[in-house]
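Structure file target_28.txt with compact mmCIF, C-alpha atoms and all ligand atoms:
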# COMPACT_ATOMS: atom_id res chain seq x y z
CA MET G 1 13.36 9.05 -17.29
CA GLU G 2 10.34 11.13 -18.07
CA ASP G 3 9.44 11.09 -14.39
CA ALA G 4 12.64 12.98 -13.52
CA VAL G 5 11.43 16.08 -15.34
CA THR G 6 7.76 15.78 -14.39
CA ASP G 7 6.15 16.94 -11.16
CA PRO G 8 5.96 13.71 -9.16
CA ILE G 9 2.61 14.68 -7.69
CA ASP G 10 1.22 15.00 -11.22
CA VAL G 11 2.69 11.57 -12.06
CA LEU G 12 0.87 10.11 -9.06
CA ALA G 13 -2.37 11.98 -9.84
CA ASN G 14 -2.19 10.54 -13.33
CA LEU G 15 -1.75 7.01 -11.99
CA PHE G 16 -4.80 7.40 -9.74
CA ALA G 17 -6.87 8.74 -12.64
CA HIS G 18 -5.85 6.06 -15.15
CA GLU G 19 -4.16 2.78 -14.11
CA GLY G 20 -5.74 3.06 -10.68
CA SER G 21 -9.27 3.06 -12.00
CA ARG G 22 -8.91 -0.63 -12.82
CA ASP G 23 -10.34 -3.30 -10.54
CA TYR G 24 -8.54 -4.02 -7.30
CA PHE G 25 -7.80 -7.69 -7.73
CA GLY G 26 -10.69 -9.78 -6.53
CA GLU G 27 -12.26 -6.91 -4.56
CA ALA G 28 -15.35 -4.78 -5.17
CA VAL G 29 -13.43 -1.48 -5.42
CA SER G 30 -10.95 0.03 -7.89
CA GLN G 31 -7.30 0.28 -6.89
CA SER G 32 -7.57 4.06 -6.60
CA ALA G 33 -10.70 3.87 -4.44
CA HIS G 34 -8.96 1.30 -2.27
CA MET G 35 -5.89 3.48 -1.69
CA LEU G 36 -8.02 6.61 -1.13
CA GLN G 37 -10.00 4.71 1.50
CA ALA G 38 -6.79 3.62 3.21
CA ALA G 39 -5.53 7.22 3.27
CA ALA G 40 -8.85 8.46 4.66
CA LEU G 41 -8.67 5.90 7.48
CA ALA G 42 -5.07 6.92 8.26
CA ARG G 43 -6.03 10.58 8.33
CA ALA G 44 -9.08 9.90 10.51
CA ALA G 45 -6.85 7.98 12.91
CA GLY G 46 -4.62 11.05 13.30
CA ALA G 47 -1.62 9.40 11.61
CA PRO G 48 1.36 11.65 10.80
CA ALA G 49 1.60 13.01 7.26
CA ALA G 50 4.21 10.47 6.12
CA LEU G 51 2.03 7.56 7.19
CA VAL G 52 -1.06 9.05 5.54
CA ALA G 53 1.02 9.30 2.35
CA ALA G 54 2.17 5.70 2.77
CA ALA G 55 -1.45 4.58 3.07
CA LEU G 56 -2.38 6.63 0.01
CA LEU G 57 0.45 5.17 -2.09
CA HIS G 58 0.86 1.69 -0.62
CA ASP G 59 -0.20 -0.24 -3.74
CA VAL G 60 1.41 1.86 -6.49
CA GLY G 61 3.76 -1.08 -7.02
CA HIS G 62 0.83 -2.87 -8.64
CA PHE G 63 1.12 -0.39 -11.52
CA LEU G 64 4.81 -1.01 -12.11
CA GLY G 65 7.02 -3.66 -13.62
CA PRO G 66 6.46 -6.62 -15.89
CA VAL G 67 4.44 -8.69 -13.41
CA SER G 68 1.03 -7.22 -12.66
CA GLY G 69 -1.42 -7.64 -9.85
CA ASP G 70 -3.42 -9.86 -12.18
CA ASP G 71 -0.42 -12.19 -12.19
CA LEU G 72 -0.49 -12.10 -8.40
CA MET G 73 -4.03 -13.42 -8.52
CA LYS G 74 -2.83 -16.17 -10.85
CA GLY G 75 -0.21 -17.26 -8.31
CA THR G 76 2.87 -15.15 -9.08
CA ASP G 77 4.11 -12.92 -6.26
CA CYS G 78 4.83 -9.59 -7.95
CA ARG G 79 6.47 -8.16 -4.80
CA HIS G 80 4.47 -5.00 -5.30
CA SER G 81 5.42 -3.65 -1.89
CA GLU G 82 9.14 -3.70 -2.73
CA ALA G 83 8.64 -2.33 -6.24
CA GLY G 84 6.43 0.48 -4.95
CA ALA G 85 8.87 1.45 -2.20
CA VAL G 86 11.84 1.54 -4.57
CA TRP G 87 9.94 3.68 -7.06
CA LEU G 88 8.65 6.09 -4.40
CA SER G 89 12.09 6.47 -2.83
CA ALA G 90 13.11 8.76 -5.68
CA TRP G 91 10.79 11.36 -4.15
CA PHE G 92 9.83 10.43 -0.61
CA PRO G 93 11.68 9.74 2.66
CA ALA G 94 11.86 6.40 4.49
CA ALA G 95 8.91 7.34 6.71
CA VAL G 96 6.77 6.99 3.55
CA THR G 97 8.58 4.25 1.66
CA GLU G 98 9.35 1.82 4.49
CA PRO G 99 5.73 1.25 5.60
CA VAL G 100 4.94 0.66 1.90
CA ARG G 101 7.84 -1.80 1.60
CA LEU G 102 6.80 -3.65 4.76
CA HIS G 103 3.02 -3.72 4.38
CA VAL G 104 2.87 -7.22 2.87
CA ALA G 105 5.25 -8.50 5.54
CA ALA G 106 2.96 -6.83 8.09
CA LYS G 107 0.07 -8.89 6.76
CA ARG G 108 2.09 -12.08 7.24
CA TYR G 109 3.02 -10.80 10.72
CA LEU G 110 -0.56 -10.04 11.75
CA CYS G 111 -1.69 -13.45 10.53
CA ALA G 112 0.96 -15.03 12.76
CA VAL G 113 0.16 -13.10 15.94
CA GLU G 114 -3.62 -12.52 15.69
CA LEU G 115 -5.89 -15.44 14.89
CA THR G 116 -8.81 -13.08 14.39
CA TYR G 117 -6.88 -11.13 11.74
CA LEU G 118 -6.34 -14.23 9.64
CA ALA G 119 -9.98 -15.25 10.05
CA GLU G 120 -11.25 -11.86 8.87
CA LEU G 121 -9.17 -11.48 5.70
CA SER G 122 -11.14 -11.08 2.48
CA SER G 123 -11.06 -14.16 0.26
CA ALA G 124 -8.75 -12.42 -2.26
CA SER G 125 -6.45 -11.32 0.56
CA LEU G 126 -6.43 -14.82 1.99
CA TYR G 127 -5.49 -16.22 -1.40
CA THR G 128 -2.66 -13.74 -1.99
CA LEU G 129 -1.35 -14.52 1.51
CA THR G 130 -0.43 -18.00 0.30
CA VAL G 131 1.40 -16.55 -2.73
CA GLN G 132 3.18 -14.06 -0.45
CA GLY G 133 4.59 -16.77 1.82
CA GLY G 134 1.80 -17.46 4.33
CA PRO G 135 1.83 -16.39 8.00
CA MET G 136 5.26 -15.70 9.54
CA THR G 137 6.79 -18.16 11.95
CA ARG G 138 7.13 -17.00 15.55
CA ALA G 139 10.83 -16.26 15.00
CA GLU G 140 10.13 -14.29 11.82
CA ALA G 141 7.43 -12.28 13.60
CA GLY G 142 9.82 -11.45 16.45
CA THR G 143 12.45 -10.20 14.00
CA PHE G 144 9.94 -8.29 11.88
CA ILE G 145 8.32 -6.23 14.63
CA ASN G 146 11.70 -4.83 15.67
CA LEU G 147 12.46 -3.43 12.22
CA PRO G 148 12.31 0.35 11.77
CA TYR G 149 8.80 1.36 10.64
CA ALA G 150 7.34 -2.10 11.34
CA ALA G 151 4.70 -0.62 13.66
CA ASP G 152 3.74 1.89 10.95
CA ALA G 153 3.50 -0.96 8.43
CA VAL G 154 1.20 -2.89 10.78
CA ALA G 155 -1.06 0.16 11.15
CA LEU G 156 -1.05 0.60 7.37
CA ARG G 157 -1.92 -3.04 6.81
CA ARG G 158 -4.97 -2.73 9.10
CA TRP G 159 -6.23 0.25 7.07
CA ASP G 160 -5.41 -1.69 3.90
CA GLU G 161 -7.68 -4.59 4.83
CA ALA G 162 -10.45 -2.17 5.94
CA SER G 163 -10.39 -0.28 2.62
CA LYS G 164 -12.50 -2.48 0.37
CA ASP G 165 -15.93 -0.89 0.86
CA PRO G 166 -17.70 -0.33 -2.47
CA LEU G 167 -20.05 2.18 -0.84
CA ALA G 168 -17.35 4.39 0.71
CA THR G 169 -16.86 7.92 -0.69
CA PRO G 170 -13.30 8.84 0.31
CA ALA G 171 -11.72 12.26 -0.30
CA PRO G 172 -10.13 12.55 -3.77
CA PHE G 173 -6.41 12.40 -4.56
CA GLU G 174 -6.24 16.20 -4.90
CA ASP G 175 -6.99 16.51 -1.17
CA TYR G 176 -3.53 15.09 -0.51
CA ARG G 177 -1.50 17.24 -2.90
CA HIS G 178 -0.39 19.69 -0.20
CA LEU G 179 0.50 16.87 2.20
CA LEU G 180 2.54 15.09 -0.49
CA LEU G 181 4.34 18.29 -1.49
CA GLY G 182 5.41 18.82 2.10
CA LEU G 183 6.94 15.38 2.21
CA LEU G 184 8.84 15.92 -1.07
CA ALA G 185 10.55 18.89 0.56
CA VAL G 186 11.69 16.59 3.38
CA ALA G 187 13.14 14.12 0.88
CA ALA G 188 15.06 16.79 -1.06
FE FE A 201 -3.80 -2.64 -0.53

Translate the structure of the given file into structure tokens.
Ligand code: FE
Amino acid sequence: MEDAVTDPIDVLANLFAHEGSRDYFGEAVSQSAHMLQAAALARAAGAPAALVAAALLHDVGHFLGPVSGDDLMKGTDCRHSEAGAVWLSAWFPAAVTEPVRLHVAAKRYLCAVELTYLAELSSASLYTLTVQGGPMTRAEAGTFINLPYAADAVALRRWDEASKDPLATPAPFEDYRHLLLGLLAVAA
């Protein structure tokens, strides 16, 4: 309820500064650093603002709900993509929330259609894949890629996997405040 009367960008900035500074499960970077790296890759690739925002916010679901990302690493699927998308939908349009919702499915898709993608997953990402349902079947992959925003989710998932560099120095959250504000206006 408090969120309804608080600037959502400040709520997000606060998450990045606090909860986000924790370890990113099984990886050498914090959750905030991981999401900032993903956003930087999206921006460098010339992605539209909504997809840059999706990359920036794709793992906020790890901060929410009774089952944490630590539980995910212990074998419980916390469905962080769904939780994050639902939470973000109070403020942002589908062009932001749907790639977030679909980014775990996009991982299962990529593992089904690209052998090299599966082979190059980090060990933590490979482990969580099994908790998340494993690679899609051919039929599931065919259905998935025709969903709205599936292509955006696939792009996001590639930046996601590439955003675990402990030596990277991505732009800070504040660099995205203007971009996020513009998207809030679209959602209103
Ligand atoms: Fe991620």

Report as a PDB file with C-alpha atoms, in the frame of the given file all protein, DNA and RNA residues lying within 12 Å of Asp175 of chain G, evaluated on all atoms listed in the file, omitting residues in the same chain fewer than 6 positions from it.
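Once written, selection05.pdb looks like this:
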ATOM      1  CA  ILE G   9       2.610  14.680  -7.690  1.00  0.00           C
ATOM      2  CA  ALA G  13      -2.370  11.980  -9.840  1.00  0.00           C
ATOM      3  CA  LEU G  36      -8.020   6.610  -1.130  1.00  0.00           C
ATOM      4  CA  ALA G  39      -5.530   7.220   3.270  1.00  0.00           C
ATOM      5  CA  ALA G  40      -8.850   8.460   4.660  1.00  0.00           C
ATOM      6  CA  ARG G  43      -6.030  10.580   8.330  1.00  0.00           C
ATOM      7  CA  VAL G  52      -1.060   9.050   5.540  1.00  0.00           C
ATOM      8  CA  ALA G  53       1.020   9.300   2.350  1.00  0.00           C
ATOM      9  CA  LEU G  56      -2.380   6.630   0.010  1.00  0.00           C
ATOM     10  CA  LEU G 181       4.340  18.290  -1.490  1.00  0.00           C
TER      11      LEU G 181
END

Exercise. For ligand FE 201 (chain A), list the contacting residues at 8 Å or closer, counting all atoms listed in the file, as a ChimeraX atom specification.
Key: /G:31,34-35,38,58-59,157,160-161,163

Pro8 of chain G surroundings by only C-alpha atoms, 12 Å radius, close-in-sequence under 6 positions cut, as an mmCIF file with C-alpha atoms, in the coordinates of the input:
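Ended up saving to out29.cif:
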data_model
loop_
_atom_site.group_PDB
_atom_site.id
_atom_site.type_symbol
_atom_site.label_atom_id
_atom_site.label_comp_id
_atom_site.auth_asym_id
_atom_site.auth_seq_id
_atom_site.Cartn_x
_atom_site.Cartn_y
_atom_site.Cartn_z
ATOM 1 C CA MET G 1 13.360 9.050 -17.290
ATOM 2 C CA GLU G 2 10.340 11.130 -18.070
ATOM 3 C CA ASN G 14 -2.190 10.540 -13.330
ATOM 4 C CA LEU G 15 -1.750 7.010 -11.990
ATOM 5 C CA TRP G 87 9.940 3.680 -7.060
ATOM 6 C CA LEU G 88 8.650 6.090 -4.400
ATOM 7 C CA SER G 89 12.090 6.470 -2.830
ATOM 8 C CA ALA G 90 13.110 8.760 -5.680
ATOM 9 C CA TRP G 91 10.790 11.360 -4.150
ATOM 10 C CA PHE G 92 9.830 10.430 -0.610
ATOM 11 C CA ARG G 177 -1.500 17.240 -2.900
ATOM 12 C CA LEU G 180 2.540 15.090 -0.490
ATOM 13 C CA LEU G 181 4.340 18.290 -1.490
ATOM 14 C CA LEU G 183 6.940 15.380 2.210
ATOM 15 C CA LEU G 184 8.840 15.920 -1.070
ATOM 16 C CA ALA G 185 10.550 18.890 0.560
#

Quiz item: How many Å lie between atom CA of Val96 of chain G and atom CA of Ala50 of chain G, rounded to one decimal?
Solution: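 A separation of 5.0 Å between them.
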
Self-check item: All residues 8 Å or closer to Leu64 of chain G, all atoms listed in the file, same chain fewer than 4 positions away omitted, as an NGL selection string
Solution: :G and (60 or 68 or 80 or 83-84)

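Take atom CA of Ala85 of chain G and atom CA of Val100 of chain G: the distance between them is 5.7 Å.
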
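Shortest atom-to-atom contact with Lys107 of chain G among G:Gly134, G:Gly182, G:Pro93, G:Gly46: G:Gly134, counting all atoms listed in the file.
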
Quiz item: Between atom CA of Ala141 of chain G and atom CA of Ala45 of chain G, what is the spacing in Å?
Solution: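 Computed distance, atom CA of Ala45 of chain G to atom CA of Ala141 of chain G, equals 24.8 Å.
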
Quiz item: Leaving out Thr137 of chain G and any residue of its chain fewer than 2 positions from it, which residues lie within 12 Å of it when counting all atoms listed in the file, given as a list in words?
Solution: Ala105, Arg108, Tyr109, Leu110, Cys111, Ala112, Val113, Gly133, Gly134, Pro135, Ala139, Glu140, Ala141, Gly142, Thr143 and Phe144 of chain G

Exercise. Using all atoms listed in the file, find the one residue out of G:Phe16, G:Ala42, G:Thr128, G:Ala95 that sits nearest to Ser30 of chain G.
Key: G:Phe16

To test the calculation: enclose all listed atoms of segment 126-131 of chain G in a box whose edges run along x, y and z, add 3 Å on each side, then state centre and edge lengths in Å to one decimal, as lines of an AutoDock Vina configuration file.
center_x = -2.5
center_y = -15.9
center_z = -0.4
size_x = 13.8
size_y = 10.3
size_z = 10.7

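Neighbours of Ala33 of chain G closer than or equal to 10 Å, with only C-alpha atoms counted and sequence neighbours fewer than 5 positions away skipped, come out as Phe16, Gly20, Ser21, Arg22, Asp23, Tyr24, Ala28, Ala38, Ala39, Leu56, Ser163, Lys164, Asp165, Pro166, Ala168, Thr169, Pro170, Ala171, Pro172 and Phe173 of chain G.
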
Quiz item: Quick one: of G:Leu41, G:Met136, G:Ala47, G:Ala162, who's nearest to Glu120 of chain G, counting all atoms listed in the file?
Solution: G:Ala162
